[in-house]
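Trainee: Next up, structure32.cif (mmCIF, C-alpha atoms).
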```cif
data_data
loop_
_atom_site.group_PDB
_atom_site.id
_atom_site.type_symbol
_atom_site.label_atom_id
_atom_site.label_comp_id
_atom_site.auth_asym_id
_atom_site.auth_seq_id
_atom_site.Cartn_x
_atom_site.Cartn_y
_atom_site.Cartn_z
ATOM 1 C CA MET S 1 0.000 0.000 0.000
ATOM 2 C CA VAL S 2 1.316 3.466 -0.937
ATOM 3 C CA SER S 3 2.082 5.585 2.100
ATOM 4 C CA GLN S 4 0.912 9.172 2.448
ATOM 5 C CA GLU S 5 4.502 10.403 2.039
ATOM 6 C CA GLN S 6 5.044 8.344 -1.107
ATOM 7 C CA ARG S 7 1.769 9.649 -2.540
ATOM 8 C CA ARG S 8 2.829 13.229 -1.750
ATOM 9 C CA ARG S 9 6.136 12.742 -3.545
ATOM 10 C CA GLN S 10 4.401 11.173 -6.531
ATOM 11 C CA LEU S 11 2.005 14.119 -6.854
ATOM 12 C CA ALA S 12 4.857 16.592 -6.527
ATOM 13 C CA ARG S 13 6.804 14.829 -9.274
ATOM 14 C CA GLU S 14 3.780 14.758 -11.577
ATOM 15 C CA LYS S 15 3.257 18.468 -10.985
ATOM 16 C CA PHE S 16 6.919 19.164 -11.801
ATOM 17 C CA LEU S 17 6.702 17.150 -15.030
ATOM 18 C CA ARG S 18 3.566 19.049 -16.081
ATOM 19 C CA GLN S 19 5.318 22.373 -15.474
ATOM 20 C CA GLN S 20 8.340 21.269 -17.502
ATOM 21 C CA GLN S 21 6.100 20.175 -20.369
ATOM 22 C CA ARG S 22 4.264 23.514 -20.361
ATOM 23 C CA ARG S 23 7.566 25.367 -20.491
ATOM 24 C CA THR S 24 8.789 23.186 -23.335
ATOM 25 C CA ASP S 25 5.559 23.750 -25.267
ATOM 26 C CA ALA S 26 5.774 27.512 -24.697
ATOM 27 C CA ARG S 27 9.358 27.625 -25.954
ATOM 28 C CA ARG S 28 8.417 25.576 -29.018
ATOM 29 C CA LYS S 29 5.503 27.892 -29.840
ATOM 30 C CA ALA S 30 7.709 30.953 -29.401
ATOM 31 C CA ARG S 31 10.321 29.505 -31.766
ATOM 32 C CA THR S 32 7.618 28.731 -34.322
ATOM 33 C CA ARG S 33 6.229 32.251 -34.108
ATOM 34 C CA ASN S 34 9.615 33.800 -34.471
ATOM 35 C CA ALA S 35 10.791 32.773 -37.828
ATOM 36 C CA VAL S 36 12.662 36.691 -38.110
ATOM 37 C CA ILE S 37 16.102 37.614 -39.620
ATOM 38 C CA ALA S 38 17.828 34.457 -40.921
ATOM 39 C CA SER S 39 21.227 34.266 -39.431
ATOM 40 C CA THR S 40 24.280 32.160 -40.006
ATOM 41 C CA VAL S 41 23.561 30.310 -36.806
ATOM 42 C CA GLY S 42 20.506 28.806 -38.470
ATOM 43 C CA VAL S 43 17.812 31.203 -37.303
ATOM 44 C CA VAL S 44 15.255 32.803 -39.607
ATOM 45 C CA LEU S 45 15.173 36.775 -39.217
ATOM 46 C CA ILE S 46 11.448 38.869 -38.693
ATOM 47 C CA GLY S 47 7.595 34.719 -39.906
ATOM 48 C CA SER S 48 6.639 35.763 -38.153
ATOM 49 C CA LEU S 49 9.991 36.658 -39.305
ATOM 50 C CA GLY S 50 11.808 37.496 -36.246
ATOM 51 C CA LEU S 51 13.977 40.611 -38.845
ATOM 52 C CA TYR S 52 10.016 41.336 -40.033
ATOM 53 C CA THR S 53 10.447 38.358 -37.973
ATOM 54 C CA ALA S 54 12.857 35.857 -39.387
ATOM 55 C CA GLY S 55 14.277 35.571 -36.505
ATOM 56 C CA ALA S 56 15.984 38.656 -35.630
ATOM 57 C CA PHE S 57 12.653 40.212 -35.318
ATOM 58 C CA GLU S 58 9.004 39.626 -35.540
ATOM 59 C CA GLY S 59 7.593 41.039 -38.683
ATOM 60 C CA ASP S 60 4.552 42.099 -40.556
ATOM 61 C CA ASP S 61 2.171 39.182 -40.986
ATOM 62 C CA GLY S 62 1.021 38.116 -44.423
ATOM 63 C CA LYS S 63 1.687 39.647 -47.788
ATOM 64 C CA ALA S 64 0.417 43.071 -46.827
ATOM 65 C CA ASN S 65 2.495 43.164 -43.708
ATOM 66 C CA ALA S 66 6.097 42.336 -44.362
ATOM 67 C CA GLY S 67 8.227 40.964 -41.602
ATOM 68 C CA ALA S 68 11.812 40.015 -40.952
ATOM 69 C CA GLU S 69 13.576 36.987 -39.627
ATOM 70 C CA VAL S 70 14.364 36.815 -35.962
ATOM 71 C CA THR S 71 17.766 35.866 -34.681
ATOM 72 C CA PRO S 72 18.563 33.903 -31.567
ATOM 73 C CA SER S 73 16.549 35.023 -28.605
ATOM 74 C CA ALA S 74 18.162 37.736 -26.606
ATOM 75 C CA THR S 75 19.676 36.725 -23.307
ATOM 76 C CA PRO S 76 17.653 38.278 -20.481
ATOM 77 C CA THR S 77 19.733 40.616 -18.368
ATOM 78 C CA SER S 78 19.301 41.626 -14.770
ATOM 79 C CA LYS S 79 17.228 44.744 -14.262
ATOM 80 C CA VAL S 80 19.243 47.890 -14.857
ATOM 81 C CA PRO S 81 18.278 51.562 -14.704
ATOM 82 C CA ASP S 82 16.376 52.703 -17.785
ATOM 83 C CA PRO S 83 18.759 55.001 -19.721
ATOM 84 C CA CYS S 84 15.905 56.624 -21.640
ATOM 85 C CA GLU S 85 13.416 59.385 -20.938
ATOM 86 C CA LYS S 86 9.645 59.153 -20.759
ATOM 87 C CA PRO S 87 7.887 59.212 -24.153
ATOM 88 C CA ALA S 88 6.490 62.481 -25.445
ATOM 89 C CA LYS S 89 2.742 62.983 -25.100
ATOM 90 C CA GLY S 90 0.732 61.570 -27.955
ATOM 91 C CA LYS S 91 -0.479 58.272 -29.314
ATOM 92 C CA VAL S 92 0.119 56.038 -32.295
ATOM 93 C CA GLU S 93 -2.247 56.744 -35.173
ATOM 94 C CA THR S 94 -3.667 53.706 -36.975
ATOM 95 C CA MET S 95 -2.943 54.017 -40.688
ATOM 96 C CA SER S 96 -3.058 51.668 -43.651
ATOM 97 C CA TRP S 97 -2.788 51.961 -47.409
ATOM 98 C CA LYS S 98 -3.621 49.527 -50.201
ATOM 99 C CA LYS S 99 -0.823 50.577 -52.544
ATOM 100 C CA GLU S 100 2.817 51.497 -52.301
ATOM 101 C CA PRO S 101 3.103 55.305 -52.563
ATOM 102 C CA ALA S 102 3.933 56.880 -55.910
ATOM 103 C CA MET S 103 7.572 57.799 -56.409
ATOM 104 C CA THR S 104 8.164 61.383 -55.256
ATOM 105 C CA ILE S 105 11.809 61.455 -54.146
ATOM 106 C CA ASP S 106 14.744 62.606 -56.254
ATOM 107 C CA LYS S 107 17.011 59.571 -56.505
ATOM 108 C CA SER S 108 20.033 61.790 -57.141
ATOM 109 C CA ALA S 109 19.500 63.849 -53.963
ATOM 110 C CA ASP S 110 20.665 63.236 -50.407
ATOM 111 C CA TYR S 111 18.093 62.332 -47.782
ATOM 112 C CA THR S 112 18.395 61.998 -44.024
ATOM 113 C CA MET S 113 15.970 60.399 -41.606
ATOM 114 C CA GLU S 114 15.991 61.646 -38.038
ATOM 115 C CA LEU S 115 14.492 59.482 -35.327
ATOM 116 C CA GLU S 116 13.804 61.571 -32.241
ATOM 117 C CA THR S 117 13.701 58.847 -29.621
ATOM 118 C CA THR S 118 13.344 58.740 -25.865
ATOM 119 C CA CYS S 119 16.989 57.634 -25.730
ATOM 120 C CA GLY S 120 18.370 60.391 -27.961
ATOM 121 C CA ASP S 121 18.324 61.388 -31.615
ATOM 122 C CA ILE S 122 19.377 58.854 -34.228
ATOM 123 C CA ASP S 123 20.302 60.356 -37.599
ATOM 124 C CA ILE S 124 20.386 58.067 -40.623
ATOM 125 C CA ALA S 125 21.847 58.875 -44.039
ATOM 126 C CA LEU S 126 19.474 57.263 -46.547
ATOM 127 C CA LYS S 127 20.573 55.502 -49.752
ATOM 128 C CA ALA S 128 18.075 57.019 -52.182
ATOM 129 C CA GLU S 129 19.950 56.029 -55.324
ATOM 130 C CA ALA S 130 20.587 52.419 -54.281
ATOM 131 C CA ALA S 131 17.202 51.775 -52.614
ATOM 132 C CA PRO S 132 14.817 54.362 -54.095
ATOM 133 C CA ARG S 133 11.517 52.588 -53.431
ATOM 134 C CA THR S 134 12.454 51.865 -49.827
ATOM 135 C CA VAL S 135 13.553 55.445 -49.188
ATOM 136 C CA ASN S 136 10.470 56.754 -50.983
ATOM 137 C CA SER S 137 8.260 54.628 -48.721
ATOM 138 C CA PHE S 138 9.958 55.916 -45.570
ATOM 139 C CA ASN S 139 9.681 59.489 -46.822
ATOM 140 C CA PHE S 140 5.946 58.916 -47.326
ATOM 141 C CA LEU S 141 5.338 57.154 -43.992
ATOM 142 C CA ALA S 142 7.367 59.645 -41.953
ATOM 143 C CA GLY S 143 5.504 62.504 -43.609
ATOM 144 C CA LYS S 144 2.216 60.955 -42.506
ATOM 145 C CA GLY S 145 3.416 60.609 -38.902
ATOM 146 C CA TYR S 146 3.218 56.832 -39.178
ATOM 147 C CA PHE S 147 6.244 56.199 -36.943
ATOM 148 C CA ASP S 148 5.470 58.864 -34.351
ATOM 149 C CA HIS S 149 5.024 57.519 -30.790
ATOM 150 C CA THR S 150 5.820 53.949 -31.882
ATOM 151 C CA LYS S 151 7.849 51.640 -29.678
ATOM 152 C CA CYS S 152 10.914 49.745 -30.867
ATOM 153 C CA HIS S 153 9.695 46.280 -29.953
ATOM 154 C CA ARG S 154 12.721 44.015 -30.284
ATOM 155 C CA LEU S 155 16.347 43.991 -29.204
ATOM 156 C CA VAL S 156 18.584 41.061 -30.089
ATOM 157 C CA ASP S 157 21.902 40.867 -28.255
ATOM 158 C CA GLY S 158 23.129 37.396 -29.120
ATOM 159 C CA GLY S 159 24.166 35.965 -32.499
ATOM 160 C CA ILE S 160 23.204 39.212 -34.168
ATOM 161 C CA PHE S 161 22.976 42.652 -32.601
ATOM 162 C CA VAL S 162 19.999 44.659 -33.749
ATOM 163 C CA LEU S 163 17.207 46.927 -32.596
ATOM 164 C CA GLN S 164 13.958 46.475 -34.517
ATOM 165 C CA CYS S 165 11.433 49.269 -34.926
ATOM 166 C CA GLY S 166 8.715 50.455 -37.291
ATOM 167 C CA ASP S 167 5.702 48.478 -36.061
ATOM 168 C CA PRO S 168 2.867 50.684 -34.747
ATOM 169 C CA THR S 169 1.403 47.697 -32.914
ATOM 170 C CA ALA S 170 4.721 46.964 -31.145
ATOM 171 C CA SER S 171 3.914 43.278 -31.570
ATOM 172 C CA GLY S 172 6.069 42.399 -34.553
ATOM 173 C CA SER S 173 3.025 41.849 -36.770
ATOM 174 C CA GLY S 174 2.179 45.377 -37.914
ATOM 175 C CA GLY S 175 2.703 47.071 -41.255
ATOM 176 C CA PRO S 176 1.448 49.813 -43.584
ATOM 177 C CA GLY S 177 -0.848 47.543 -45.604
ATOM 178 C CA TYR S 178 1.421 47.410 -48.649
ATOM 179 C CA THR S 179 4.770 45.801 -49.392
ATOM 180 C CA ILE S 180 7.868 47.026 -51.195
ATOM 181 C CA PRO S 181 10.463 45.044 -53.160
ATOM 182 C CA ASP S 182 13.900 44.038 -51.963
ATOM 183 C CA GLU S 183 16.618 46.429 -53.123
ATOM 184 C CA ASN S 184 20.351 46.918 -52.893
ATOM 185 C CA LEU S 185 21.094 43.343 -51.784
ATOM 186 C CA LYS S 186 24.535 43.565 -53.417
ATOM 187 C CA ASP S 187 25.552 46.673 -51.491
ATOM 188 C CA LYS S 188 29.330 46.840 -51.242
ATOM 189 C CA SER S 189 29.099 47.203 -47.458
ATOM 190 C CA LEU S 190 27.705 43.669 -47.112
ATOM 191 C CA LYS S 191 30.837 41.555 -47.170
ATOM 192 C CA GLY S 192 31.185 37.971 -45.986
ATOM 193 C CA ASP S 193 27.513 37.685 -44.983
ATOM 194 C CA VAL S 194 27.907 40.390 -42.359
ATOM 195 C CA TYR S 195 25.765 43.484 -41.852
ATOM 196 C CA PRO S 196 28.242 45.965 -40.366
ATOM 197 C CA ALA S 197 27.509 48.142 -37.355
ATOM 198 C CA GLY S 198 25.584 51.236 -38.388
ATOM 199 C CA THR S 199 23.551 49.511 -41.106
ATOM 200 C CA VAL S 200 19.820 50.208 -41.282
ATOM 201 C CA ALA S 201 17.916 47.527 -43.193
ATOM 202 C CA MET S 202 14.414 46.275 -43.873
ATOM 203 C CA ALA S 203 12.796 43.423 -42.032
ATOM 204 C CA ASN S 204 10.904 41.022 -44.268
ATOM 205 C CA GLN S 205 9.307 37.598 -44.447
ATOM 206 C CA TYR S 206 11.953 35.896 -46.538
ATOM 207 C CA ASN S 207 12.596 32.247 -45.689
ATOM 208 C CA ALA S 208 15.974 31.124 -46.989
ATOM 209 C CA GLN S 209 15.052 27.450 -46.650
ATOM 210 C CA THR S 210 11.982 27.646 -48.877
ATOM 211 C CA GLY S 211 13.008 30.614 -51.011
ATOM 212 C CA GLU S 212 9.632 32.231 -50.319
ATOM 213 C CA GLY S 213 8.891 35.695 -48.982
ATOM 214 C CA ARG S 214 10.898 37.920 -51.291
ATOM 215 C CA ASP S 215 9.732 41.519 -51.777
ATOM 216 C CA SER S 216 7.779 41.478 -48.509
ATOM 217 C CA GLY S 217 9.143 44.566 -46.790
ATOM 218 C CA GLY S 218 6.677 46.925 -45.149
ATOM 219 C CA SER S 219 7.509 49.408 -42.389
ATOM 220 C CA GLN S 220 9.606 47.385 -39.957
ATOM 221 C CA PHE S 221 13.330 47.962 -40.018
ATOM 222 C CA PHE S 222 16.357 47.136 -37.921
ATOM 223 C CA LEU S 223 19.404 49.085 -36.821
ATOM 224 C CA VAL S 224 22.640 47.148 -36.412
ATOM 225 C CA TYR S 225 24.647 48.288 -33.383
ATOM 226 C CA GLN S 226 27.413 45.690 -33.735
ATOM 227 C CA ASP S 227 28.646 43.699 -36.737
ATOM 228 C CA SER S 228 26.082 40.924 -37.274
ATOM 229 C CA PRO S 229 26.389 37.719 -39.322
ATOM 230 C CA LEU S 230 23.429 37.771 -41.701
ATOM 231 C CA PRO S 231 23.022 36.730 -45.335
ATOM 232 C CA PRO S 232 22.290 39.594 -47.771
ATOM 233 C CA ASN S 233 18.517 39.142 -47.772
ATOM 234 C CA TYR S 234 17.463 42.405 -46.121
ATOM 235 C CA THR S 235 17.460 45.703 -48.001
ATOM 236 C CA PRO S 236 20.187 47.977 -46.598
ATOM 237 C CA PHE S 237 18.859 51.503 -47.060
ATOM 238 C CA GLY S 238 20.683 53.702 -44.565
ATOM 239 C CA THR S 239 23.670 54.293 -42.310
ATOM 240 C CA VAL S 240 23.507 55.544 -38.723
ATOM 241 C CA SER S 241 25.588 58.593 -37.816
ATOM 242 C CA GLU S 242 28.367 58.471 -35.221
ATOM 243 C CA SER S 243 26.219 60.247 -32.648
ATOM 244 C CA GLY S 244 23.339 57.906 -33.438
ATOM 245 C CA MET S 245 25.576 54.894 -32.822
ATOM 246 C CA LYS S 246 26.294 56.183 -29.318
ATOM 247 C CA VAL S 247 22.545 56.246 -28.653
ATOM 248 C CA LEU S 248 22.143 52.698 -29.993
ATOM 249 C CA LYS S 249 24.974 51.353 -27.865
ATOM 250 C CA LYS S 250 23.616 53.104 -24.779
ATOM 251 C CA LEU S 251 20.188 51.527 -25.056
ATOM 252 C CA ALA S 252 21.628 48.161 -26.122
ATOM 253 C CA ALA S 253 23.795 48.102 -23.011
ATOM 254 C CA ALA S 254 20.616 47.936 -20.924
ATOM 255 C CA GLY S 255 19.931 44.509 -22.452
ATOM 256 C CA ALA S 256 16.738 42.750 -23.407
ATOM 257 C CA GLN S 257 13.828 41.152 -21.608
ATOM 258 C CA ALA S 258 12.900 37.489 -21.742
ATOM 259 C CA ALA S 259 10.909 36.486 -24.815
ATOM 260 C CA ASP S 260 7.217 37.334 -24.625
ATOM 261 C CA PRO S 261 5.388 33.971 -24.717
ATOM 262 C CA ALA S 262 2.645 35.471 -26.898
ATOM 263 C CA THR S 263 4.792 37.172 -29.548
ATOM 264 C CA GLY S 264 8.291 35.827 -29.034
ATOM 265 C CA ASN S 265 9.644 39.375 -28.947
ATOM 266 C CA THR S 266 12.637 40.131 -26.743
ATOM 267 C CA ALA S 267 11.835 43.745 -25.926
ATOM 268 C CA PRO S 268 14.625 46.108 -24.905
ATOM 269 C CA ASN S 269 14.888 46.891 -21.206
ATOM 270 C CA ALA S 270 15.263 50.523 -22.226
ATOM 271 C CA THR S 271 12.066 52.379 -23.087
ATOM 272 C CA VAL S 272 12.803 53.022 -26.770
ATOM 273 C CA VAL S 273 10.023 55.072 -28.333
ATOM 274 C CA ILE S 274 10.243 57.080 -31.550
ATOM 275 C CA ASN S 275 8.650 60.375 -30.534
ATOM 276 C CA LYS S 276 8.918 61.643 -34.098
ATOM 277 C CA ALA S 277 10.461 60.543 -37.397
ATOM 278 C CA THR S 278 11.389 63.049 -40.085
ATOM 279 C CA VAL S 279 12.889 62.590 -43.553
ATOM 280 C CA THR S 280 14.690 65.617 -44.966
ATOM 281 C CA LYS S 281 16.076 66.274 -48.432
ATOM 282 C CA SER S 282 19.396 68.131 -48.620
#
```
As a first step, turn the structure in this file into structure tokens.

Mentor:
Amino acid sequence: MVSQEQRRRQLAREKFLRQQQRRTDARRKARTRNAVIASTVGVVLIGSLGLYTAGAFEGDDGKANAGAEVTPSATPTSKVPDPCEKPAKGKVETMSWKKEPAMTIDKSADYTMELETTCGDIDIALKAEAAPRTVNSFNFLAGKGYFDHTKCHRLVDGGIFVLQCGDPTASGSGGPGYTIPDENLKDKSLKGDVYPAGTVAMANQYNAQTGEGRDSGGSQFFLVYQDSPLPPNYTPFGTVSESGMKVLKKLAAAGAQAADPATGNTAPNATVVINKATVTKS
């Protein structure tokens, strides 16, 4: 006959096994959701794409909402002081369009995008000649206030080193309703399957294993704060300024949170909000 103590131990063990199974199932679901920036370590960037999530980030869902592959999950760090300020007053406006905007930029001109964030200003020199449709889309979206008050929803600090922004829903599944084609994938800066520090590129839904998901960029993008091993599948369309890199490294130093079981996002510990985005022609 089973004693009371033996029965207690048996119930405790069964409870432990159930908890372990739930955790395993949760991790499996998170990995499935986060197919984002495809990296050389075998992860797919924002597919949710995780860079529009193929791993490195969660991305826009479906054809209308491009995503990127997500890289390896960020390693949770102990709680540190938030290096950023409180967001400016205002709220994200819900916007969506059926078609890519008509071309209005001058491909021979110089354009700069300024992200006024809670952590400091990030200036980005845009590559209008090499990635005209991407730059044109950002010029359009910024002019509409699409990025204003949006939260940068993903920080990856292992395998690749990127901050992902551009999703008004902050879930990794948002987008402008239209997609834009891949551009500039043979940029001379992309050597040896590495996106160098300072690169700004599009997240998308491309899956290198199936070859599906090309031309699926939307509004989500990622900023590389440290050289990151990634295949040239994500449109590089800008370069962060020296002062902007200091801001990126400051917020990256605060680390990332554990993956959200619902979205798989590893949100930055820092409160990174784009108060306002502006594209200027010079």

Trainee: Translate the PyMOL selection byres ((chain S and resi 111) around 12) into a concrete residue list for this structure, as a ChimeraX atom specification.

Mentor: /S:105-110,112-114,123-129,131-132,135-136,138-139,237-239,278-282

Trainee: For a test of reading the model, state the distance in Å between CA of Lys250 in chain S and CA of Cys119 in chain S, rounded to one decimal.

Mentor: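 Taking CA of Lys250 in chain S as the start and CA of Cys119 in chain S as the end point, the length is 8.1 Å.
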
Trainee: Kindly provide, as a PyMOL selection string, the polymer residues lying within 9 Å of (24.7, 52.7, -33.3), counting all atoms listed in the file and using the coordinates exactly as they appear in the file.

Mentor: chain S and resi 122+197-199+223-226+240-250

Trainee: Smallest atom-to-atom distance to Asn269 in chain S: which of S:Ser137, S:Val156, S:Ala130, S:Ala201, using all atoms listed in the file?

Mentor: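 So, comparing all the options, the nearest one is S:Val156.
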
Trainee: Interatomic distance between CA of Val272 in chain S and CA of Gln164 in chain S?

Mentor: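 According to the coordinates, CA of Val272 in chain S and CA of Gln164 in chain S are separated by 10.2 Å.
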
Trainee: Please report the interatomic distance between CA of Lys191 in chain S and CA of Cys152 in chain S in Å with one decimal.

Mentor: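 A separation of 27.0 Å between them.
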
Trainee: Between S:Gly159, S:Thr235, S:Phe147, S:Ser171, which has the minimum distance to Asn184 in chain S (counting all atoms listed in the file)?

Mentor: S:Thr235

Trainee: Once you add 5 Å to each side, what are the centre and edge lengths of the axis-aligned box holding all listed atoms of range 248-266 of chain S? One decimal in Å, as AutoDock Vina command-line options, if you can.

Mentor:
```
--center_x 13.8 --center_y 43.5 --center_z -25.5 --size_x 32.3 --size_y 29.1 --size_z 19.1
```
